[in-house]
$ cat coords_33.cif   # mmCIF, N, CA, C and O atoms
data_run
#
loop_
_atom_site.label_atom_id
_atom_site.label_comp_id
_atom_site.auth_asym_id
_atom_site.auth_seq_id
_atom_site.Cartn_x
_atom_site.Cartn_y
_atom_site.Cartn_z
N MET E 1 -66.93 -89.53 44.15
CA MET E 1 -66.75 -89.71 45.56
C MET E 1 -66.14 -88.44 46.18
O MET E 1 -66.70 -87.89 47.10
N PHE E 2 -64.99 -87.97 45.65
CA PHE E 2 -64.36 -86.79 46.24
C PHE E 2 -65.14 -85.52 45.94
O PHE E 2 -65.13 -84.58 46.73
N PHE E 3 -65.84 -85.47 44.82
CA PHE E 3 -66.65 -84.29 44.52
C PHE E 3 -67.79 -84.17 45.53
O PHE E 3 -68.13 -83.06 45.96
N ALA E 4 -68.37 -85.29 45.91
CA ALA E 4 -69.41 -85.28 46.94
C ALA E 4 -68.82 -84.82 48.27
O ALA E 4 -69.48 -84.10 49.03
N ASP E 5 -67.58 -85.22 48.55
CA ASP E 5 -66.90 -84.77 49.77
C ASP E 5 -66.83 -83.25 49.80
O ASP E 5 -67.12 -82.62 50.82
N LEU E 6 -66.42 -82.66 48.68
CA LEU E 6 -66.29 -81.20 48.62
C LEU E 6 -67.63 -80.53 48.87
O LEU E 6 -67.73 -79.53 49.58
N ARG E 7 -68.67 -81.07 48.25
CA ARG E 7 -70.01 -80.50 48.40
C ARG E 7 -70.45 -80.57 49.86
O ARG E 7 -70.96 -79.59 50.41
N ARG E 8 -70.23 -81.71 50.51
CA ARG E 8 -70.63 -81.87 51.91
C ARG E 8 -69.82 -80.95 52.83
O ARG E 8 -70.37 -80.38 53.78
N LEU E 9 -68.54 -80.78 52.55
CA LEU E 9 -67.71 -79.86 53.34
C LEU E 9 -68.19 -78.42 53.16
O LEU E 9 -68.28 -77.66 54.13
N ALA E 10 -68.48 -78.05 51.92
CA ALA E 10 -68.92 -76.68 51.64
C ALA E 10 -70.24 -76.36 52.35
O ALA E 10 -70.45 -75.23 52.79
N ARG E 11 -71.08 -77.35 52.46
CA ARG E 11 -72.37 -77.16 53.15
C ARG E 11 -72.25 -77.31 54.66
O ARG E 11 -73.24 -77.19 55.38
N ARG E 12 -71.04 -77.61 55.12
CA ARG E 12 -70.75 -77.81 56.54
C ARG E 12 -71.58 -78.93 57.16
O ARG E 12 -71.99 -78.85 58.31
N GLU E 13 -71.81 -79.97 56.36
CA GLU E 13 -72.57 -81.13 56.84
C GLU E 13 -71.68 -82.09 57.62
O GLU E 13 -72.18 -82.88 58.42
N VAL E 14 -70.37 -82.05 57.35
CA VAL E 14 -69.42 -82.96 57.98
C VAL E 14 -68.11 -82.24 58.24
O VAL E 14 -67.87 -81.15 57.71
N THR E 15 -67.26 -82.87 59.04
CA THR E 15 -65.90 -82.37 59.22
C THR E 15 -65.00 -83.09 58.22
O THR E 15 -65.40 -84.10 57.63
N PHE E 16 -63.79 -82.60 58.04
CA PHE E 16 -62.87 -83.24 57.10
C PHE E 16 -62.63 -84.70 57.46
O PHE E 16 -62.57 -85.57 56.60
N ALA E 17 -62.49 -84.99 58.73
CA ALA E 17 -62.20 -86.36 59.17
C ALA E 17 -63.32 -87.34 58.82
O ALA E 17 -63.10 -88.55 58.79
N GLU E 18 -64.51 -86.83 58.51
CA GLU E 18 -65.66 -87.69 58.22
C GLU E 18 -65.85 -88.00 56.73
O GLU E 18 -66.70 -88.80 56.38
N ILE E 19 -65.07 -87.38 55.87
CA ILE E 19 -65.27 -87.58 54.44
C ILE E 19 -64.42 -88.74 53.92
O ILE E 19 -63.46 -89.16 54.57
N ASP E 20 -64.77 -89.25 52.74
CA ASP E 20 -64.05 -90.37 52.15
C ASP E 20 -62.58 -90.05 51.88
O ASP E 20 -61.72 -90.90 52.03
N MET E 21 -62.31 -88.82 51.49
CA MET E 21 -60.94 -88.40 51.18
C MET E 21 -60.00 -88.63 52.37
O MET E 21 -58.84 -88.96 52.19
N ALA E 22 -60.51 -88.48 53.56
CA ALA E 22 -59.70 -88.61 54.77
C ALA E 22 -59.08 -89.99 54.89
O ALA E 22 -58.00 -90.15 55.47
N ALA E 23 -59.72 -91.00 54.32
CA ALA E 23 -59.20 -92.36 54.41
C ALA E 23 -57.89 -92.53 53.65
O ALA E 23 -57.14 -93.47 53.91
N TYR E 24 -57.59 -91.61 52.74
CA TYR E 24 -56.38 -91.70 51.92
C TYR E 24 -55.25 -90.83 52.43
O TYR E 24 -54.21 -90.72 51.79
N LEU E 25 -55.44 -90.20 53.56
CA LEU E 25 -54.44 -89.28 54.11
C LEU E 25 -54.06 -89.70 55.53
O LEU E 25 -54.84 -90.35 56.22
N PRO E 26 -52.86 -89.31 55.96
CA PRO E 26 -52.43 -89.65 57.32
C PRO E 26 -53.38 -89.05 58.37
O PRO E 26 -53.74 -87.87 58.29
N ARG E 27 -53.80 -89.84 59.31
CA ARG E 27 -54.75 -89.40 60.33
C ARG E 27 -54.14 -88.30 61.22
O ARG E 27 -54.86 -87.48 61.77
N LYS E 28 -52.84 -88.30 61.31
CA LYS E 28 -52.12 -87.35 62.18
C LYS E 28 -52.48 -85.89 61.88
O LYS E 28 -52.53 -85.07 62.78
N HIS E 29 -52.73 -85.57 60.61
CA HIS E 29 -52.94 -84.18 60.22
C HIS E 29 -54.39 -83.84 59.88
O HIS E 29 -54.67 -82.73 59.43
N LEU E 30 -55.31 -84.74 60.08
CA LEU E 30 -56.69 -84.51 59.65
C LEU E 30 -57.33 -83.28 60.28
O LEU E 30 -58.12 -82.59 59.65
N SER E 31 -56.97 -82.98 61.50
CA SER E 31 -57.58 -81.82 62.17
C SER E 31 -57.18 -80.50 61.53
O SER E 31 -57.88 -79.50 61.67
N ARG E 32 -56.08 -80.48 60.77
CA ARG E 32 -55.62 -79.25 60.11
C ARG E 32 -56.25 -79.06 58.74
O ARG E 32 -56.16 -77.98 58.17
N HIS E 33 -56.86 -80.10 58.17
CA HIS E 33 -57.39 -80.02 56.81
C HIS E 33 -58.80 -79.42 56.80
O HIS E 33 -59.56 -79.58 57.74
N ASN E 34 -59.09 -78.74 55.68
CA ASN E 34 -60.38 -78.07 55.54
C ASN E 34 -60.82 -78.12 54.07
O ASN E 34 -60.21 -78.82 53.26
N LEU E 35 -61.84 -77.38 53.72
CA LEU E 35 -62.36 -77.37 52.36
C LEU E 35 -61.29 -76.91 51.36
O LEU E 35 -61.14 -77.52 50.30
N ALA E 36 -60.54 -75.89 51.68
CA ALA E 36 -59.50 -75.40 50.77
C ALA E 36 -58.46 -76.48 50.50
O ALA E 36 -58.03 -76.68 49.36
N PHE E 37 -58.05 -77.20 51.54
CA PHE E 37 -57.10 -78.30 51.35
C PHE E 37 -57.71 -79.38 50.47
O PHE E 37 -57.07 -79.90 49.57
N ALA E 38 -58.96 -79.74 50.73
CA ALA E 38 -59.63 -80.79 49.96
C ALA E 38 -59.69 -80.42 48.48
O ALA E 38 -59.47 -81.27 47.61
N GLU E 39 -59.97 -79.17 48.18
CA GLU E 39 -60.00 -78.71 46.78
C GLU E 39 -58.63 -78.84 46.13
O GLU E 39 -58.50 -79.35 45.02
N ARG E 40 -57.58 -78.41 46.82
CA ARG E 40 -56.22 -78.50 46.28
C ARG E 40 -55.80 -79.96 46.11
O ARG E 40 -55.19 -80.33 45.11
N PHE E 41 -56.14 -80.79 47.08
CA PHE E 41 -55.77 -82.20 47.01
C PHE E 41 -56.45 -82.87 45.81
O PHE E 41 -55.81 -83.62 45.08
N LEU E 42 -57.71 -82.58 45.59
CA LEU E 42 -58.43 -83.16 44.46
C LEU E 42 -57.82 -82.72 43.13
O LEU E 42 -57.65 -83.53 42.22
N VAL E 43 -57.45 -81.47 43.03
CA VAL E 43 -56.80 -80.98 41.81
C VAL E 43 -55.50 -81.74 41.58
O VAL E 43 -55.20 -82.16 40.45
N CYS E 44 -54.74 -81.97 42.62
CA CYS E 44 -53.48 -82.71 42.49
C CYS E 44 -53.72 -84.15 42.06
O CYS E 44 -53.02 -84.67 41.19
N VAL E 45 -54.70 -84.80 42.64
CA VAL E 45 -55.01 -86.19 42.28
C VAL E 45 -55.40 -86.26 40.80
O VAL E 45 -54.92 -87.13 40.06
N LEU E 46 -56.24 -85.34 40.36
CA LEU E 46 -56.67 -85.33 38.97
C LEU E 46 -55.51 -85.02 38.02
O LEU E 46 -55.41 -85.59 36.94
N THR E 47 -54.62 -84.12 38.43
CA THR E 47 -53.46 -83.76 37.61
C THR E 47 -52.53 -84.96 37.44
O THR E 47 -52.07 -85.25 36.33
N VAL E 48 -52.25 -85.66 38.52
CA VAL E 48 -51.38 -86.83 38.44
C VAL E 48 -52.02 -87.91 37.57
O VAL E 48 -51.37 -88.50 36.71
N ALA E 49 -53.31 -88.13 37.75
CA ALA E 49 -54.01 -89.13 36.94
C ALA E 49 -53.95 -88.78 35.45
O ALA E 49 -53.69 -89.64 34.61
N ARG E 50 -54.15 -87.50 35.14
CA ARG E 50 -54.10 -87.07 33.74
C ARG E 50 -52.71 -87.26 33.16
O ARG E 50 -52.54 -87.78 32.07
N LYS E 51 -51.69 -86.88 33.92
CA LYS E 51 -50.32 -87.00 33.42
C LYS E 51 -49.93 -88.46 33.21
O LYS E 51 -49.20 -88.77 32.27
N LEU E 52 -50.41 -89.33 34.04
CA LEU E 52 -50.09 -90.74 33.89
C LEU E 52 -50.80 -91.37 32.69
O LEU E 52 -50.38 -92.40 32.19
N ARG E 53 -51.86 -90.74 32.22
CA ARG E 53 -52.63 -91.26 31.10
C ARG E 53 -52.31 -90.54 29.79
O ARG E 53 -52.90 -90.86 28.76
N GLU E 54 -51.40 -89.61 29.78
CA GLU E 54 -51.07 -88.88 28.55
C GLU E 54 -50.54 -89.84 27.49
O GLU E 54 -49.80 -90.77 27.80
N PRO E 55 -50.92 -89.61 26.23
CA PRO E 55 -50.42 -90.47 25.14
C PRO E 55 -48.90 -90.44 25.08
O PRO E 55 -48.27 -89.41 25.31
N GLY E 56 -48.33 -91.59 24.79
CA GLY E 56 -46.88 -91.66 24.66
C GLY E 56 -46.15 -91.92 25.96
O GLY E 56 -44.94 -92.11 25.98
N VAL E 57 -46.87 -91.91 27.06
CA VAL E 57 -46.24 -92.18 28.35
C VAL E 57 -46.47 -93.65 28.69
O VAL E 57 -47.59 -94.11 28.69
N HIS E 58 -45.37 -94.37 28.92
CA HIS E 58 -45.54 -95.78 29.27
C HIS E 58 -46.06 -95.87 30.70
O HIS E 58 -46.04 -94.91 31.44
N GLU E 59 -46.51 -97.03 31.05
CA GLU E 59 -47.02 -97.22 32.40
C GLU E 59 -45.86 -97.49 33.34
O GLU E 59 -45.34 -98.59 33.39
N PRO E 60 -45.44 -96.48 34.07
CA PRO E 60 -44.27 -96.64 34.95
C PRO E 60 -44.61 -97.39 36.23
O PRO E 60 -45.76 -97.41 36.65
N GLY E 61 -43.58 -97.96 36.81
CA GLY E 61 -43.73 -98.55 38.13
C GLY E 61 -43.66 -97.44 39.17
O GLY E 61 -43.17 -96.34 38.89
N VAL E 62 -44.15 -97.70 40.35
CA VAL E 62 -44.20 -96.65 41.37
C VAL E 62 -42.82 -96.20 41.83
O VAL E 62 -42.70 -95.13 42.42
N HIS E 63 -41.78 -96.98 41.55
CA HIS E 63 -40.44 -96.60 42.00
C HIS E 63 -39.64 -95.86 40.93
O HIS E 63 -38.49 -95.51 41.15
N GLU E 64 -40.25 -95.63 39.77
CA GLU E 64 -39.53 -94.91 38.73
C GLU E 64 -39.51 -93.43 39.06
O GLU E 64 -40.45 -92.89 39.65
N PRO E 65 -38.44 -92.72 38.68
CA PRO E 65 -38.29 -91.31 39.02
C PRO E 65 -39.46 -90.43 38.60
O PRO E 65 -39.85 -89.54 39.32
N GLY E 66 -40.04 -90.67 37.45
CA GLY E 66 -41.15 -89.84 36.98
C GLY E 66 -42.36 -89.91 37.90
O GLY E 66 -43.00 -88.90 38.20
N VAL E 67 -42.66 -91.10 38.39
CA VAL E 67 -43.80 -91.27 39.28
C VAL E 67 -43.50 -90.64 40.63
O VAL E 67 -44.35 -89.98 41.23
N GLN E 68 -42.29 -90.80 41.10
CA GLN E 68 -41.93 -90.19 42.38
C GLN E 68 -42.01 -88.67 42.29
O GLN E 68 -42.49 -88.01 43.20
N TRP E 69 -41.60 -88.11 41.16
CA TRP E 69 -41.67 -86.66 40.97
C TRP E 69 -43.11 -86.20 40.98
O TRP E 69 -43.46 -85.22 41.62
N LEU E 70 -43.99 -86.92 40.26
CA LEU E 70 -45.41 -86.54 40.23
C LEU E 70 -46.01 -86.59 41.63
O LEU E 70 -46.74 -85.70 42.03
N ALA E 71 -45.70 -87.64 42.37
CA ALA E 71 -46.24 -87.78 43.72
C ALA E 71 -45.75 -86.66 44.62
O ALA E 71 -46.52 -86.08 45.38
N CYS E 72 -44.47 -86.33 44.54
CA CYS E 72 -43.92 -85.25 45.37
C CYS E 72 -44.52 -83.91 45.00
O CYS E 72 -44.84 -83.10 45.86
N THR E 73 -44.68 -83.66 43.72
CA THR E 73 -45.27 -82.40 43.27
C THR E 73 -46.71 -82.29 43.74
O THR E 73 -47.14 -81.24 44.23
N ALA E 74 -47.47 -83.36 43.62
CA ALA E 74 -48.87 -83.35 44.06
C ALA E 74 -48.95 -83.12 45.56
O ALA E 74 -49.77 -82.32 46.03
N GLU E 75 -48.09 -83.78 46.32
CA GLU E 75 -48.10 -83.61 47.76
C GLU E 75 -47.75 -82.18 48.14
O GLU E 75 -48.39 -81.57 48.98
N GLU E 76 -46.73 -81.62 47.48
CA GLU E 76 -46.33 -80.24 47.77
C GLU E 76 -47.47 -79.27 47.49
O GLU E 76 -47.77 -78.40 48.29
N ARG E 77 -48.13 -79.43 46.36
CA ARG E 77 -49.23 -78.53 46.00
C ARG E 77 -50.40 -78.67 46.94
O ARG E 77 -51.05 -77.70 47.29
N ALA E 78 -50.68 -79.89 47.37
CA ALA E 78 -51.81 -80.11 48.26
C ALA E 78 -51.56 -79.50 49.64
O ALA E 78 -52.48 -79.01 50.27
N LEU E 79 -50.32 -79.53 50.07
CA LEU E 79 -50.01 -79.03 51.40
C LEU E 79 -49.76 -77.53 51.45
O LEU E 79 -49.77 -76.93 52.51
N ARG E 80 -49.56 -76.92 50.30
CA ARG E 80 -49.31 -75.47 50.24
C ARG E 80 -50.61 -74.72 50.54
O ARG E 80 -51.64 -75.03 50.00
N PRO E 81 -50.57 -73.73 51.44
CA PRO E 81 -51.79 -72.96 51.76
C PRO E 81 -52.29 -72.12 50.61
O PRO E 81 -51.65 -71.83 49.69
#
$ encode --input "coords_33.cif" --output "structure tokens"
Amino acid sequence: MFFADLRRLARREVTFAEIDMAAYLPRKHLSRHNLAFAERFLVCVLTVARKLREPGVHEPGVHEPGVQWLACTAEERALRP
């Protein structure tokens, strides 16, 4: 789904606000997002997913410090130019 979003953005077929990824982000900032942001955001999503699935890691609740750290790190990386 998100890979198709990147392809459509790269071909300039749609704006960021029109892609599936936009549904998972605050609408307030959609006008500032572009292909570069979408690429960084996808990398962060995949990184968090991989870290949560690493062997030996229990399935944490969303309020545990480790999950909050991953979410904050992903958000910071996605928002960094």
$ resolve_selection --input "coords_33.cif" --expression "the PyMOL selection byres ((chain E and resi 4-16) around 7)" --output "list in words"
Met1, Phe2, Phe3, Ala17, Glu18, Ile19, Asp20, Met21, Ala22, Ala23, Leu30, His33, Asn34, Leu35, Ala38 and Glu39 of chain E
$ atom_distance --input "coords_33.cif" --atom1 "atom N of Phe41 (chain E)" --atom2 "CA of Pro26 (chain E)"
14.0 Å
$ atom_distance --input "coords_33.cif" --atom1 "atom C of Lys28 (chain E)" --atom2 "atom O of Thr47 (chain E)"
25.6 Å
$ atom_distance --input "coords_33.cif" --atom1 "CA of Tyr24 (chain E)" --atom2 "atom N of Leu42 (chain E)"
11.2 Å
$ build_atoms --input "coords_33.cif" --residues "region 16-27 of chain E" --atoms "all heavy atoms" --output "PDB file, in the frame of the given file"
ATOM      1  N   PHE E  16     -63.790 -82.600  58.040  1.00  0.00           N
ATOM      2  CA  PHE E  16     -62.870 -83.240  57.100  1.00  0.00           C
ATOM      3  C   PHE E  16     -62.630 -84.700  57.460  1.00  0.00           C
ATOM      4  O   PHE E  16     -62.570 -85.570  56.600  1.00  0.00           O
ATOM      5  CB  PHE E  16     -61.539 -82.482  57.035  1.00  0.00           C
ATOM      6  CG  PHE E  16     -60.655 -82.982  55.942  1.00  0.00           C
ATOM      7  CD1 PHE E  16     -60.693 -82.394  54.689  1.00  0.00           C
ATOM      8  CD2 PHE E  16     -59.809 -84.063  56.139  1.00  0.00           C
ATOM      9  CE1 PHE E  16     -59.894 -82.876  53.656  1.00  0.00           C
ATOM     10  CE2 PHE E  16     -59.010 -84.550  55.119  1.00  0.00           C
ATOM     11  CZ  PHE E  16     -59.053 -83.946  53.873  1.00  0.00           C
ATOM     12  N   ALA E  17     -62.490 -84.990  58.730  1.00  0.00           N
ATOM     13  CA  ALA E  17     -62.200 -86.360  59.170  1.00  0.00           C
ATOM     14  C   ALA E  17     -63.320 -87.340  58.820  1.00  0.00           C
ATOM     15  O   ALA E  17     -63.100 -88.550  58.790  1.00  0.00           O
ATOM     16  CB  ALA E  17     -61.947 -86.378  60.670  1.00  0.00           C
ATOM     17  N   GLU E  18     -64.510 -86.830  58.510  1.00  0.00           N
ATOM     18  CA  GLU E  18     -65.660 -87.690  58.220  1.00  0.00           C
ATOM     19  C   GLU E  18     -65.850 -88.000  56.730  1.00  0.00           C
ATOM     20  O   GLU E  18     -66.700 -88.800  56.380  1.00  0.00           O
ATOM     21  CB  GLU E  18     -66.949 -87.054  58.743  1.00  0.00           C
ATOM     22  CG  GLU E  18     -66.956 -86.877  60.243  1.00  0.00           C
ATOM     23  CD  GLU E  18     -68.143 -86.073  60.719  1.00  0.00           C
ATOM     24  OE1 GLU E  18     -68.251 -84.882  60.341  1.00  0.00           O
ATOM     25  OE2 GLU E  18     -68.967 -86.634  61.446  1.00  0.00           O
ATOM     26  N   ILE E  19     -65.070 -87.380  55.870  1.00  0.00           N
ATOM     27  CA  ILE E  19     -65.270 -87.580  54.440  1.00  0.00           C
ATOM     28  C   ILE E  19     -64.420 -88.740  53.920  1.00  0.00           C
ATOM     29  O   ILE E  19     -63.460 -89.160  54.570  1.00  0.00           O
ATOM     30  CB  ILE E  19     -64.992 -86.290  53.628  1.00  0.00           C
ATOM     31  CG1 ILE E  19     -63.542 -85.853  53.782  1.00  0.00           C
ATOM     32  CG2 ILE E  19     -65.959 -85.180  54.031  1.00  0.00           C
ATOM     33  CD1 ILE E  19     -63.159 -84.668  52.917  1.00  0.00           C
ATOM     34  N   ASP E  20     -64.770 -89.250  52.740  1.00  0.00           N
ATOM     35  CA  ASP E  20     -64.050 -90.370  52.150  1.00  0.00           C
ATOM     36  C   ASP E  20     -62.580 -90.050  51.880  1.00  0.00           C
ATOM     37  O   ASP E  20     -61.720 -90.900  52.030  1.00  0.00           O
ATOM     38  CB  ASP E  20     -64.706 -90.799  50.828  1.00  0.00           C
ATOM     39  CG  ASP E  20     -66.088 -91.381  51.044  1.00  0.00           C
ATOM     40  OD1 ASP E  20     -66.314 -92.013  52.098  1.00  0.00           O
ATOM     41  OD2 ASP E  20     -66.942 -91.204  50.159  1.00  0.00           O
ATOM     42  N   MET E  21     -62.310 -88.820  51.490  1.00  0.00           N
ATOM     43  CA  MET E  21     -60.940 -88.400  51.180  1.00  0.00           C
ATOM     44  C   MET E  21     -60.000 -88.630  52.370  1.00  0.00           C
ATOM     45  O   MET E  21     -58.840 -88.960  52.190  1.00  0.00           O
ATOM     46  CB  MET E  21     -60.935 -86.923  50.785  1.00  0.00           C
ATOM     47  CG  MET E  21     -59.631 -86.401  50.283  1.00  0.00           C
ATOM     48  SD  MET E  21     -59.689 -84.622  49.899  1.00  0.00           S
ATOM     49  CE  MET E  21     -60.763 -84.575  48.488  1.00  0.00           C
ATOM     50  N   ALA E  22     -60.510 -88.480  53.560  1.00  0.00           N
ATOM     51  CA  ALA E  22     -59.700 -88.610  54.770  1.00  0.00           C
ATOM     52  C   ALA E  22     -59.080 -89.990  54.890  1.00  0.00           C
ATOM     53  O   ALA E  22     -58.000 -90.150  55.470  1.00  0.00           O
ATOM     54  CB  ALA E  22     -60.541 -88.299  56.000  1.00  0.00           C
ATOM     55  N   ALA E  23     -59.720 -91.000  54.320  1.00  0.00           N
ATOM     56  CA  ALA E  23     -59.200 -92.360  54.410  1.00  0.00           C
ATOM     57  C   ALA E  23     -57.890 -92.530  53.650  1.00  0.00           C
ATOM     58  O   ALA E  23     -57.140 -93.470  53.910  1.00  0.00           O
ATOM     59  CB  ALA E  23     -60.231 -93.347  53.871  1.00  0.00           C
ATOM     60  N   TYR E  24     -57.590 -91.610  52.740  1.00  0.00           N
ATOM     61  CA  TYR E  24     -56.380 -91.700  51.920  1.00  0.00           C
ATOM     62  C   TYR E  24     -55.250 -90.830  52.430  1.00  0.00           C
ATOM     63  O   TYR E  24     -54.210 -90.720  51.790  1.00  0.00           O
ATOM     64  CB  TYR E  24     -56.716 -91.306  50.474  1.00  0.00           C
ATOM     65  CG  TYR E  24     -57.709 -92.252  49.857  1.00  0.00           C
ATOM     66  CD1 TYR E  24     -59.064 -91.986  49.917  1.00  0.00           C
ATOM     67  CD2 TYR E  24     -57.287 -93.430  49.248  1.00  0.00           C
ATOM     68  CE1 TYR E  24     -59.991 -92.863  49.369  1.00  0.00           C
ATOM     69  CE2 TYR E  24     -58.202 -94.309  48.709  1.00  0.00           C
ATOM     70  CZ  TYR E  24     -59.551 -94.015  48.770  1.00  0.00           C
ATOM     71  OH  TYR E  24     -60.463 -94.893  48.243  1.00  0.00           O
ATOM     72  N   LEU E  25     -55.440 -90.200  53.560  1.00  0.00           N
ATOM     73  CA  LEU E  25     -54.440 -89.280  54.110  1.00  0.00           C
ATOM     74  C   LEU E  25     -54.060 -89.700  55.530  1.00  0.00           C
ATOM     75  O   LEU E  25     -54.840 -90.350  56.220  1.00  0.00           O
ATOM     76  CB  LEU E  25     -55.015 -87.853  54.141  1.00  0.00           C
ATOM     77  CG  LEU E  25     -55.336 -87.283  52.765  1.00  0.00           C
ATOM     78  CD1 LEU E  25     -56.213 -86.050  52.899  1.00  0.00           C
ATOM     79  CD2 LEU E  25     -54.062 -86.949  52.023  1.00  0.00           C
ATOM     80  N   PRO E  26     -52.860 -89.310  55.960  1.00  0.00           N
ATOM     81  CA  PRO E  26     -52.430 -89.650  57.320  1.00  0.00           C
ATOM     82  C   PRO E  26     -53.380 -89.050  58.370  1.00  0.00           C
ATOM     83  O   PRO E  26     -53.740 -87.870  58.290  1.00  0.00           O
ATOM     84  CB  PRO E  26     -51.043 -89.022  57.444  1.00  0.00           C
ATOM     85  CG  PRO E  26     -50.594 -88.775  56.045  1.00  0.00           C
ATOM     86  CD  PRO E  26     -51.834 -88.572  55.229  1.00  0.00           C
ATOM     87  N   ARG E  27     -53.800 -89.840  59.310  1.00  0.00           N
ATOM     88  CA  ARG E  27     -54.750 -89.400  60.330  1.00  0.00           C
ATOM     89  C   ARG E  27     -54.140 -88.300  61.220  1.00  0.00           C
ATOM     90  O   ARG E  27     -54.860 -87.480  61.770  1.00  0.00           O
ATOM     91  CB  ARG E  27     -55.179 -90.578  61.188  1.00  0.00           C
ATOM     92  CG  ARG E  27     -55.755 -91.678  60.303  1.00  0.00           C
ATOM     93  CD  ARG E  27     -56.984 -92.357  60.758  1.00  0.00           C
ATOM     94  NE  ARG E  27     -58.068 -91.677  61.341  1.00  0.00           N
ATOM     95  CZ  ARG E  27     -59.141 -91.219  60.666  1.00  0.00           C
ATOM     96  NH1 ARG E  27     -59.196 -91.329  59.369  1.00  0.00           N
ATOM     97  NH2 ARG E  27     -60.133 -90.660  61.300  1.00  0.00           N
TER      98      ARG E  27
END
